[in-house]
Each structure stands twice: as structure tokens, then as C-alpha cells.
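Listing of coords-v5.csv, CSV, C-alpha atoms
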```
chain,number,residue,atom,x,y,z
A,1,MET,CA,56.4,-17.4,19.7
A,2,THR,CA,54.7,-15.4,17.0
A,3,SER,CA,55.7,-11.8,16.4
A,4,PRO,CA,53.7,-9.2,18.3
A,5,GLU,CA,51.1,-7.0,16.6
A,6,ARG,CA,52.6,-3.6,15.9
A,7,VAL,CA,51.0,-0.2,16.1
A,8,LYS,CA,52.1,3.4,16.6
A,9,VAL,CA,50.2,4.1,19.8
A,10,VAL,CA,48.6,2.0,22.6
A,11,VAL,CA,46.1,3.6,24.9
A,12,ILE,CA,45.5,1.7,28.2
A,13,GLY,CA,42.1,2.6,29.7
A,14,ALA,CA,38.9,3.8,28.1
A,15,GLY,CA,37.6,6.1,30.8
A,16,GLN,CA,37.4,9.9,30.5
A,17,ALA,CA,41.2,10.4,29.9
A,18,GLY,CA,41.7,7.5,27.5
A,19,LEU,CA,38.7,8.5,25.4
A,20,SER,CA,39.8,12.1,25.3
A,21,VAL,CA,43.2,11.0,24.0
A,22,ALA,CA,41.7,8.7,21.4
A,23,TYR,CA,39.3,11.4,20.2
A,24,TYR,CA,42.2,13.7,19.4
A,25,LEU,CA,44.2,10.9,17.8
A,26,ARG,CA,41.2,10.4,15.5
A,27,ARG,CA,41.2,14.2,14.8
A,28,PHE,CA,44.8,13.8,13.6
A,29,GLU,CA,43.5,11.1,11.3
A,30,LEU,CA,45.0,8.1,13.1
A,31,VAL,CA,42.8,5.0,12.6
A,32,ALA,CA,41.8,2.7,15.4
A,33,ASP,CA,43.2,-0.9,15.1
A,34,ASP,CA,45.6,0.3,12.4
A,35,ASP,CA,47.5,3.2,13.9
A,36,PHE,CA,46.5,2.9,17.5
A,37,VAL,CA,44.8,0.3,19.8
A,38,MET,CA,42.7,1.0,22.9
A,39,LEU,CA,42.8,-1.7,25.7
A,40,ASP,CA,40.2,-1.6,28.5
A,41,ARG,CA,39.9,-4.0,31.4
A,42,ALA,CA,36.2,-3.3,32.1
A,43,PRO,CA,33.5,-5.4,30.6
A,44,GLY,CA,31.8,-2.5,28.9
A,45,PRO,CA,31.9,1.3,28.4
A,46,GLY,CA,31.7,3.8,31.2
A,47,GLY,CA,35.2,3.8,32.8
A,48,ALA,CA,35.2,3.6,36.6
A,49,TRP,CA,31.6,4.9,36.7
A,50,GLN,CA,30.2,1.5,35.7
A,51,HIS,CA,31.5,0.0,38.9
A,52,ARG,CA,29.8,2.5,41.2
A,53,TRP,CA,26.7,1.8,43.3
A,54,SER,CA,23.3,2.1,41.7
A,55,SER,CA,22.0,4.8,44.1
A,56,LEU,CA,24.6,7.3,43.0
A,57,ARG,CA,23.1,10.0,40.7
A,58,LEU,CA,24.7,12.7,38.6
A,59,GLY,CA,25.0,15.9,40.6
A,60,THR,CA,25.5,14.2,44.0
A,61,ALA,CA,29.2,13.7,43.5
A,62,HIS,CA,31.9,15.5,41.6
A,63,ARG,CA,30.7,16.9,38.3
A,64,VAL,CA,31.2,14.9,35.1
A,65,ASN,CA,32.3,17.1,32.3
A,66,ASP,CA,31.4,16.2,28.7
A,67,LEU,CA,34.0,14.5,26.5
A,68,PRO,CA,35.5,16.5,23.7
A,69,GLY,CA,33.3,16.1,20.6
A,70,MET,CA,30.3,14.8,22.6
A,71,ALA,CA,28.2,17.7,21.3
A,72,GLU,CA,28.3,15.9,17.9
A,73,LEU,CA,26.2,13.1,19.5
A,74,GLY,CA,23.6,15.6,20.8
A,75,VAL,CA,24.1,14.7,24.5
A,76,SER,CA,25.5,16.4,27.5
A,77,PHE,CA,25.9,15.4,31.1
A,78,ASP,CA,24.6,18.9,32.0
A,79,THR,CA,21.2,17.9,30.6
A,80,ALA,CA,21.3,14.2,31.4
A,81,ASP,CA,18.5,12.4,33.3
A,82,ARG,CA,19.4,12.7,36.9
A,83,THR,CA,16.7,10.2,38.0
A,84,LEU,CA,18.8,7.4,36.5
A,85,PRO,CA,21.8,5.8,38.1
A,86,ALA,CA,24.9,7.7,37.1
A,87,LYS,CA,26.6,4.5,36.1
A,88,GLU,CA,23.9,3.8,33.5
A,89,VAL,CA,24.1,7.4,32.1
A,90,VAL,CA,27.8,7.5,31.8
A,91,ALA,CA,28.0,4.0,30.3
A,92,ASP,CA,25.4,4.9,27.7
A,93,TYR,CA,27.1,8.2,26.7
A,94,TYR,CA,30.6,6.7,26.6
A,95,GLY,CA,29.3,3.7,24.6
A,96,ARG,CA,27.8,6.1,22.0
A,97,PHE,CA,31.0,8.1,21.9
A,98,GLU,CA,33.1,5.1,21.2
A,99,GLN,CA,30.8,4.0,18.4
A,100,HIS,CA,30.4,7.4,16.9
A,101,PHE,CA,34.2,8.0,16.6
A,102,ASP,CA,35.0,4.4,15.7
A,103,LEU,CA,37.4,3.8,18.5
A,104,ARG,CA,37.1,0.0,18.5
A,105,VAL,CA,38.0,-0.5,22.1
A,106,ARG,CA,39.2,-4.0,22.9
A,107,ARG,CA,37.7,-5.3,26.1
A,108,PRO,CA,37.9,-6.9,28.6
A,109,MET,CA,41.7,-6.9,28.3
A,110,ASN,CA,44.0,-6.8,31.3
A,111,VAL,CA,47.4,-5.4,30.7
A,112,ARG,CA,49.9,-7.4,32.7
A,113,ALA,CA,53.1,-5.6,31.9
A,114,VAL,CA,54.8,-3.0,29.7
A,115,ALA,CA,58.5,-3.6,29.0
A,116,ASN,CA,61.2,-2.3,26.8
A,117,GLU,CA,61.7,-4.0,23.5
A,118,GLY,CA,64.5,-2.2,21.8
A,119,VAL,CA,63.3,1.2,20.6
A,120,ASP,CA,59.7,0.0,21.0
A,121,LEU,CA,57.6,-0.9,24.0
A,122,LEU,CA,56.1,-4.3,24.4
A,123,VAL,CA,52.6,-4.5,25.9
A,124,GLN,CA,51.6,-7.9,27.3
A,125,TYR,CA,47.9,-8.3,27.9
A,126,GLU,CA,45.3,-11.1,28.4
A,127,ASP,CA,41.8,-11.5,27.1
A,128,LEU,CA,39.4,-11.8,30.1
A,129,THR,CA,36.4,-12.8,27.9
A,130,PRO,CA,34.8,-15.9,29.5
A,131,GLN,CA,35.8,-19.0,27.6
A,132,PRO,CA,33.2,-21.8,27.2
A,133,VAL,CA,34.6,-25.0,28.7
A,134,GLU,CA,34.6,-27.0,25.5
A,135,GLU,CA,36.2,-24.2,23.5
A,136,ALA,CA,38.8,-23.7,26.2
A,137,LYS,CA,39.7,-27.4,26.1
A,138,ALA,CA,40.0,-27.3,22.4
A,139,LYS,CA,42.4,-24.3,22.6
A,140,GLY,CA,44.4,-26.0,25.3
A,141,LEU,CA,43.7,-23.3,27.8
A,142,PHE,CA,43.3,-25.6,30.8
A,143,GLY,CA,46.2,-26.2,33.1
A,144,ARG,CA,47.6,-29.7,34.0
A,145,ARG,CA,45.0,-32.3,35.0
A,146,ARG,CA,44.6,-32.6,38.8
A,147,LYS,CA,45.1,-35.9,40.5
A,148,THR,CA,41.6,-35.6,42.2
A,149,PHE,CA,38.1,-35.8,40.9
A,150,GLU,CA,37.6,-32.0,41.3
A,151,GLU,CA,36.3,-29.8,38.6
A,152,PRO,CA,39.0,-28.9,36.1
A,153,PRO,CA,40.8,-25.6,36.9
A,154,ALA,CA,39.6,-22.4,35.3
A,155,PRO,CA,41.0,-21.8,31.8
A,156,SER,CA,44.0,-19.5,31.5
A,157,ALA,CA,43.2,-16.2,29.7
A,158,PRO,CA,44.5,-16.0,26.2
A,159,GLN,CA,47.7,-14.0,26.1
A,160,HIS,CA,48.6,-11.3,23.5
A,161,ARG,CA,51.4,-8.9,22.8
A,162,LEU,CA,51.6,-5.5,21.2
A,163,ALA,CA,54.7,-3.6,20.1
A,164,THR,CA,54.3,0.2,20.0
A,165,GLN,CA,56.2,3.4,19.6
A,166,PHE,CA,54.2,5.3,22.2
A,167,LEU,CA,52.1,4.3,25.2
A,168,VAL,CA,49.4,6.4,26.8
A,169,ASN,CA,48.5,5.1,30.3
A,170,ALA,CA,45.0,6.2,31.2
A,171,THR,CA,44.1,3.5,33.8
A,172,GLY,CA,43.0,6.0,36.5
A,173,THR,CA,42.8,4.8,40.1
A,174,TRP,CA,39.7,2.6,40.6
A,175,GLY,CA,41.8,-0.6,40.3
A,176,SER,CA,44.1,0.5,43.2
A,177,PRO,CA,42.0,1.3,46.3
A,178,PHE,CA,43.9,2.6,49.3
A,179,VAL,CA,43.2,1.5,52.9
A,180,PRO,CA,45.5,2.8,55.7
A,181,TYR,CA,46.6,0.5,58.4
A,182,TYR,CA,45.4,0.8,62.0
A,183,PRO,CA,46.2,-1.5,64.9
A,184,GLY,CA,43.7,-4.3,65.3
A,185,MET,CA,42.5,-4.4,61.7
A,186,ALA,CA,43.1,-8.1,61.4
A,187,ASP,CA,41.2,-8.8,64.6
A,188,PHE,CA,38.0,-7.1,63.5
A,189,ALA,CA,35.1,-9.5,63.5
A,190,GLY,CA,32.9,-7.5,61.1
A,191,ARG,CA,33.4,-6.4,57.5
A,192,HIS,CA,36.0,-4.2,56.1
A,193,LEU,CA,34.8,-2.5,52.8
A,194,HIS,CA,36.4,0.1,50.6
A,195,THR,CA,34.4,2.5,48.5
A,196,SER,CA,35.0,0.2,45.5
A,197,ASP,CA,33.2,-2.6,47.4
A,198,TYR,CA,30.1,-0.6,48.2
A,199,VAL,CA,26.9,-1.9,46.5
A,200,ASP,CA,23.7,-1.0,48.4
A,201,ALA,CA,22.8,0.7,51.7
A,202,ALA,CA,20.4,-2.2,52.4
A,203,ASP,CA,23.4,-4.4,53.0
A,204,PHE,CA,23.9,-2.5,56.3
A,205,ARG,CA,20.4,-2.6,57.6
A,206,GLY,CA,20.3,-2.8,61.4
A,207,GLN,CA,24.1,-2.7,61.6
A,208,HIS,CA,26.5,-0.3,63.4
A,209,VAL,CA,28.6,1.2,60.7
A,210,VAL,CA,31.8,3.3,60.9
A,211,VAL,CA,32.5,5.5,57.8
A,212,VAL,CA,36.2,6.6,57.4
A,213,GLY,CA,37.1,9.5,55.1
A,214,GLY,CA,36.7,13.2,54.5
A,215,GLY,CA,35.5,13.4,50.9
A,216,THR,CA,32.3,13.2,49.0
A,217,SER,CA,32.1,9.4,49.0
A,218,ALA,CA,32.1,9.3,52.8
A,219,ILE,CA,29.5,12.0,53.0
A,220,GLY,CA,27.3,10.2,50.5
A,221,PHE,CA,27.6,7.0,52.5
A,222,MET,CA,26.5,8.8,55.7
A,223,LEU,CA,23.5,10.3,54.0
A,224,GLU,CA,22.5,7.0,52.4
A,225,LEU,CA,22.9,5.0,55.6
A,226,GLU,CA,21.2,7.5,57.9
A,227,ASP,CA,17.8,5.7,57.9
A,228,VAL,CA,19.1,2.2,57.4
A,229,ALA,CA,21.9,1.6,59.9
A,230,ALA,CA,21.3,1.0,63.6
A,231,GLY,CA,24.2,3.3,64.4
A,232,LEU,CA,26.5,5.6,62.3
A,233,THR,CA,29.9,7.0,63.2
A,234,TRP,CA,31.9,9.2,60.9
A,235,VAL,CA,35.6,9.7,61.3
A,236,SER,CA,38.2,11.6,59.3
A,237,ARG,CA,41.9,11.8,59.4
A,238,ARG,CA,41.8,15.5,59.0
A,239,PRO,CA,39.2,18.2,59.9
A,240,ILE,CA,36.5,18.7,57.1
A,241,ASP,CA,37.1,21.9,55.2
A,242,TRP,CA,33.5,23.0,54.6
A,243,LEU,CA,33.0,25.6,51.8
A,244,ASP,CA,30.0,27.9,52.1
A,245,ARG,CA,29.0,27.5,48.5
A,246,GLN,CA,27.0,24.9,46.4
A,247,GLU,CA,29.8,23.8,44.1
A,248,LEU,CA,33.5,23.9,43.9
A,249,ASP,CA,34.6,27.2,42.3
A,250,LEU,CA,37.5,27.7,39.8
A,251,GLU,CA,39.8,29.1,42.5
A,252,GLY,CA,39.4,26.1,44.7
A,253,ALA,CA,39.9,23.7,41.8
A,254,SER,CA,43.0,25.6,40.6
A,255,ALA,CA,44.6,25.3,44.0
A,256,ALA,CA,44.1,21.5,44.0
A,257,VAL,CA,45.4,21.2,40.4
A,258,ALA,CA,48.5,23.2,41.4
A,259,LEU,CA,49.2,20.9,44.3
A,260,GLN,CA,48.8,17.8,42.1
A,261,ASP,CA,51.0,19.3,39.4
A,262,GLU,CA,53.8,20.2,41.8
A,263,ALA,CA,53.8,16.6,43.2
A,264,ALA,CA,53.8,15.1,39.8
A,265,ARG,CA,56.7,17.2,38.5
A,266,SER,CA,58.7,16.3,41.6
A,267,GLY,CA,58.0,12.6,41.5
A,268,ARG,CA,56.2,12.6,44.8
A,269,ALA,CA,53.1,10.6,45.8
A,270,LEU,CA,50.0,12.6,44.8
A,271,PRO,CA,48.2,14.4,47.6
A,272,SER,CA,44.5,14.0,48.3
A,273,VAL,CA,42.3,16.1,46.0
A,274,VAL,CA,39.9,16.9,48.9
A,275,SER,CA,42.8,18.3,51.0
A,276,GLY,CA,43.3,21.0,48.3
A,277,THR,CA,39.8,21.8,47.5
A,278,GLY,CA,37.5,21.5,50.5
A,279,VAL,CA,33.9,20.2,50.4
A,280,PRO,CA,31.2,22.5,49.1
A,281,LYS,CA,28.0,22.5,51.2
A,282,SER,CA,25.1,21.6,48.9
A,283,ARG,CA,21.6,22.0,50.4
A,284,ARG,CA,21.5,18.3,51.2
A,285,ILE,CA,24.9,18.4,52.9
A,286,ALA,CA,24.0,21.6,54.8
A,287,ALA,CA,20.8,19.9,56.1
A,288,GLY,CA,22.9,16.9,57.2
A,289,ILE,CA,25.2,19.1,59.1
A,290,GLU,CA,22.3,21.0,60.8
A,291,ARG,CA,20.7,17.8,62.1
A,292,GLY,CA,24.0,16.6,63.5
A,293,LEU,CA,24.6,13.7,61.1
A,294,LEU,CA,27.6,15.1,59.2
A,295,VAL,CA,29.9,15.8,62.2
A,296,ALA,CA,33.1,13.9,61.9
A,297,ARG,CA,35.1,12.7,64.8
A,298,PRO,CA,38.9,12.5,64.8
A,299,MET,CA,40.4,9.3,63.6
A,300,PHE,CA,40.2,6.4,66.0
A,301,ASP,CA,43.5,4.9,67.4
A,302,ARG,CA,42.7,1.2,67.2
A,303,ILE,CA,40.2,-1.5,66.2
A,304,GLU,CA,38.8,-4.2,68.4
A,305,PRO,CA,36.7,-7.2,67.2
A,306,ASP,CA,33.4,-5.3,67.6
A,307,ARG,CA,34.3,-1.6,67.9
A,308,VAL,CA,36.7,1.2,67.2
A,309,VAL,CA,38.5,2.9,70.1
A,310,TRP,CA,39.9,6.3,70.8
A,311,ASP,CA,42.8,6.4,73.4
A,312,GLY,CA,44.0,9.4,75.3
A,313,ASP,CA,42.3,11.7,77.7
A,314,ASP,CA,39.0,11.8,75.9
A,315,GLY,CA,38.9,8.1,75.0
A,316,GLY,CA,35.7,6.6,73.9
A,317,MET,CA,34.5,3.9,71.6
A,318,ALA,CA,31.9,3.2,68.9
A,319,ARG,CA,30.3,-0.1,68.1
A,320,ALA,CA,31.1,-1.5,64.6
A,321,ASP,CA,29.7,-4.3,62.5
A,322,ALA,CA,31.2,-2.8,59.4
A,323,ILE,CA,33.9,-0.3,58.6
A,324,ILE,CA,33.6,1.5,55.2
A,325,TRP,CA,37.0,2.9,54.2
A,326,ALA,CA,36.2,5.9,51.9
A,327,THR,CA,39.9,6.6,51.9
A,328,GLY,CA,40.5,7.1,48.3
A,329,PHE,CA,42.6,5.5,45.6
A,330,ARG,CA,46.1,5.5,44.2
A,331,PRO,CA,47.2,5.6,40.6
A,332,ASP,CA,46.9,2.1,39.0
A,333,LEU,CA,50.4,1.7,37.6
A,334,ARG,CA,51.5,-1.8,38.6
A,335,HIS,CA,51.8,-2.9,34.9
A,336,LEU,CA,54.4,-0.2,34.3
A,337,SER,CA,56.8,-1.5,37.0
A,338,PRO,CA,59.2,-3.2,34.5
A,339,LEU,CA,60.0,0.3,33.1
A,340,LYS,CA,61.2,1.5,36.6
A,341,LEU,CA,59.6,4.9,36.3
A,342,ARG,CA,58.7,5.3,40.0
A,343,GLU,CA,60.9,7.7,42.0
A,344,LYS,CA,62.2,7.2,45.6
A,345,ALA,CA,59.7,9.8,46.6
A,346,GLY,CA,56.8,7.5,45.7
A,347,GLY,CA,55.5,8.9,42.5
A,348,ILE,CA,56.3,9.2,38.8
A,349,THR,CA,57.9,12.4,37.5
A,350,VAL,CA,55.4,13.8,35.0
A,351,GLY,CA,55.1,17.1,33.3
A,352,GLN,CA,52.6,18.1,30.6
A,353,GLY,CA,51.3,14.6,30.6
A,354,ALA,CA,54.6,13.0,29.7
A,355,SER,CA,57.1,10.9,31.7
A,356,TRP,CA,60.3,12.8,32.2
A,357,ASN,CA,62.2,9.6,32.5
A,358,ASP,CA,60.9,8.0,29.2
A,359,PRO,CA,59.6,10.2,26.4
A,360,ARG,CA,57.7,7.3,24.9
A,361,ILE,CA,55.4,7.1,28.0
A,362,PHE,CA,52.4,9.5,28.6
A,363,LEU,CA,50.1,9.5,31.6
A,364,ALA,CA,46.6,10.8,31.0
A,365,GLY,CA,44.5,11.6,34.0
A,366,TYR,CA,47.4,11.5,36.3
A,367,GLY,CA,48.0,14.2,38.9
A,368,PRO,CA,46.7,17.6,37.7
A,369,GLN,CA,44.7,15.9,35.0
A,370,ALA,CA,42.7,13.7,37.4
A,371,SER,CA,39.5,15.8,37.2
A,372,THR,CA,37.2,15.2,34.2
A,373,ILE,CA,38.0,18.7,32.8
A,374,GLY,CA,41.7,18.1,33.3
A,375,ALA,CA,41.5,14.7,31.5
A,376,ASN,CA,39.9,16.5,28.5
A,377,ARG,CA,42.7,19.0,28.3
A,378,ALA,CA,45.3,16.2,28.7
A,379,GLY,CA,43.9,14.4,25.8
A,380,ARG,CA,44.5,17.3,23.4
A,381,MET,CA,48.0,18.0,24.9
A,382,ILE,CA,49.2,14.4,24.8
A,383,ALA,CA,47.8,13.7,21.3
A,384,ARG,CA,49.7,16.8,20.0
A,385,GLN,CA,52.9,15.7,21.5
A,386,ILE,CA,52.6,12.2,20.0
A,387,MET,CA,51.8,13.5,16.6
A,388,ALA,CA,54.8,15.9,16.7
A,389,MET,CA,57.1,12.9,17.5
A,390,LEU,CA,55.5,10.7,14.9
```
Output the file's structure in the form of C-alpha cells.
Amino acid sequence: MTSPERVKVVVIGAGQAGLSVAYYLRRFELVADDDFVMLDRAPGPGGAWQHRWSSLRLGTAHRVNDLPGMAELGVSFDTADRTLPAKEVVADYYGRFEQHFDLRVRRPMNVRAVANEGVDLLVQYEDLTPQPVEEAKAKGLFGRRRKTFEEPPAPSAPQHRLATQFLVNATGTWGSPFVPYYPGMADFAGRHLHTSDYVDAADFRGQHVVVVGGGTSAIGFMLELEDVAAGLTWVSRRPIDWLDRQELDLEGASAAVALQDEAARSGRALPSVVSGTGVPKSRRIAAGIERGLLVARPMFDRIEPDRVVWDGDDGGMARADAIIWATGFRPDLRHLSPLKLREKAGGITVGQGASWNDPRIFLAGYGPQASTIGANRAGRMIARQIMAML
């Protein structure tokens, strides 16, 4: 086996947090592909935003803060065109940012594992670029020949290795959707979808839909499906904490950050952001509450093939052709499992963006840095620590 490529820093993920770290590494005069390498699983720029549904616009979800240095490009999310899909705007701005600062992001690259390699870390990843059949055959990428007359198996992705002194994990959460278990889930005859699977409200025309969740995604689905679905039911595992203001203020955001920071420092699983901030009532949301649309029922107890059911004294049921689980995400950290960083409490102990169990590992956008403004601050903080150790 050939020796792995060797660099000082590897950044996994090219969303808000990863790009922020890379920007500050460039400010410290590190050169992409020579001193540091960025690996991103997505097919193009835009982070998790490129996977969101086309009807989502800037300003209808959590605010997207500008990347550090974005002013040099003469663009800002504050003045972006809000008639365009948010996924297109973010992809455009992030793509310009990558090009302007010469970040040379390698994509689509899937990191399979990060392991110890002496004093270094070994990053094993695969190139997900589609391989033409003839080229794949020439490279020997096909598996063993089958004994039938079926089409040949899909080619295996080319494998690569990187040895590095420091690793910045900025993979976010989009790749790790969370769906809680409820009795009867496997017996449901309709469709289970997570936020990450949602494409278009038209897919639910004439159907009875149950939306699960207490955050902005669930609220957005309710508003989009109001005039499309035959029936809508909104349920939440906790009462909705409505805030009588248009946007989340600094006090509310600080409370959520403090809860996330406490959990990260103690190695516990991270709490829901919504549980620490509440939901501001924009004009659109307030109107939805007034007309009786945005009134959440308590969580149902079980699922039957064509409905969800509440037990107990009140009882009741709601028809369901589809259940949309807007129940959030968990940090996407599976590739770090060989390093054994996870605590018994369910999380990774992180302070100031650094793993307390392995000083070579940094987690950008984790815990208190999960917001877009937090990710920007984390970029500067992490880059400074790396440069001090280099």
C-alpha cells in the first residue's frame, strides 16, 4: 500500500463552520492542498443548505450569518434576494467564498474513518465522483463477476488516505437525522419522512399528514401544507414556547448557547436548541396561530397502519397517510468512532472547540457553536489554537 498523503491539518466538512476555520487558516498563511486539506461529502458548495427543499427562503427559518471575510466579495445574506430558494443563494455565496479564498475543497469525498497512526491521525476517505463504466473497469473498480447475467455491480469508490497532525471535524448534523421510536412505527402503511427527506408540499396533495416536532421546520411544514393536504395534525413532545417578538433576541440565544456549552463540557448528549430558545412569533406564524393552524397537540402514544392514536382519558386519533418527523438531528460523528471519544453520558467532552480527550481533535459547529454566528467564532478560536501548537 502506498504511503498516505501528509498535511498539517484536515478539515472535514465545508459548511459554515468548516469554511470559517479554513478562512482563518488562510489568514495565518496556510495554503490549501499543501498545509491543509478540506474534504466535503456534498456534490457542491452550500453545506447542508443545498439539501433543503426549494420552497424554503431566507428569512423564513433561522438567520444565516455571513461568513468571516464575506464582505470582501461584496455580498451579504442580509441583502440577498429573498425571492430565490435559500439553497441556491447559500450555494452561490459559499461557492464564491471558496473560490475567492482559494480553499480547493475536495468533493464529493466521504470520510469513512479517522484512526490513530502513531503521533498522527489517519483519515480514510473515498471519492464519490461517479465513475464511467469503462473507466471503472480499466481501474479494476468492479467487484467479482457474478454468476448470473445481471448488470455488473456498481464500482467501488476509489479509496484515499491522509496523515495529519490535527483534525477539524465540521460535519454538522444533516447526515445524522433523529427519529424517536413509538409503538407501531413498523406497522404504519403510509410514509415516514424526516425533515431531511422533505422535497415539495405537492407530494402530499390530498393526503392526511401528521407533523411531529416543535421547531421552525415543523412550523414551516404546517404553513406549506395548509392548502395542500386533506388533513393536518401537528404534535409536539413538549409545549411550544412562543416568544412575543419577531426574531430571537441575544438573551434567548445566549441561554441556548449556555445549555449547549454545559452539555458539551460534561460529555452529555446535546439538548434541543429550541428547548433553550423558544420560537419567535413572526407575522406569518402569528397569523397561523390566530386561525387555529399552529396549535400543537401532545405527542401521540402509538401508531396504527392508517392513524396515530392517543391513549388515556382524553384518547382520540388522527388519520395519517404520511408522518413527517421534524425531530431534529444529532452530530454526525460516526467516522470518529475508532478514536473512542464518546463518553458514557452520550456526547463528546468539548471545550473551546477542542476535544478534552485528544488535543489533536477539534469540533467546529458542535454544541454552543452550532449556530451560524457561533460557527464563525469557532473558526477563529480553533485556527488560533492549531497555529499555536504548530
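Put simply, atom CA of Pro298 of chain A is 7.5 Å away from atom CA of Pro239 of chain A.
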What does the distance between atom CA of Thr195 of chain A and atom CA of Leu336 of chain A come to in Å, to one decimal place? 24.7 Å
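In terms of minimum interatomic distance to Ile382 of chain A, A:Ala17 ranks closest within A:Arg112, A:Leu121, A:Ala186, A:Ala17, counting only C-alpha atoms.
Within 8 Å of segment 384-390 of chain A, once all atoms listed in the file are used and residues closer than 4 positions along the same chain are dropped, the contacting residues are Phe28, Phe166 and Arg380 of chain A.
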Extract, using all atoms listed in the file, all DNA, RNA and protein residues at most 7 Å from segment 81-92 of chain A, discarding same-chain residues fewer than 3 positions from it, and format them as a PyMOL selection string. chain A and resi 45-46+49-50+52+54-58+95-96
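The interatomic distance for the pair atom CA of Glu343 of chain A and atom CA of Thr327 of chain A works out to 23.2 Å.
Proximity ranking of A:Lys344, A:His160, A:Arg27, A:Arg319 relative to Glu304 of chain A places A:Arg319 first, based on all atoms listed in the file.
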Counting all atoms listed in the file, which residue out of A:Pro331, A:Asp314, A:Gly74, A:Ala383 sits closest to Leu25 of chain A? A:Ala383
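The protein and nucleic acid residues lying at most 10 Å from segment 190-193 of chain A are A:Val179, A:Met185, A:Ala186, A:Asp187, A:Phe188, A:Thr195, A:Ser196, A:Asp197, A:Tyr198, A:His208, A:Val209, A:Val210, A:Val211, A:Glu304, A:Pro305, A:Asp306, A:Arg307, A:Ala320, A:Asp321, A:Ala322, A:Ile323, A:Ile324, A:Trp325, A:Ala326, with all atoms listed in the file considered and sequence neighbours fewer than 2 positions away removed.
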For Arg360 of chain A, the nearest of the candidates A:Arg104, A:His335, A:Lys8, A:Arg342, counting only C-alpha atoms: A:Lys8
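Checking A:Phe362, A:Phe77, A:Phe178, A:Phe329 one by one against Ala48 of chain A, counting all atoms listed in the file, you find the shortest gap at A:Phe329.
Among the candidates A:Val350, A:Ala202, A:Met317, A:Val279, the residue lying nearest to Gly215 of chain A is A:Val279 (atoms considered: all atoms listed in the file).
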List as a list of chain:residue names the protein and nucleic acid residues near Ser236 of chain A, meaning an atom at most 8 Å away when all atoms listed in the file are counted, but skip any in the same chain fewer than 5 places from it. A:Val212, A:Gly213, A:Gly214, A:Ala296, A:Arg297, A:Pro298, A:Met299
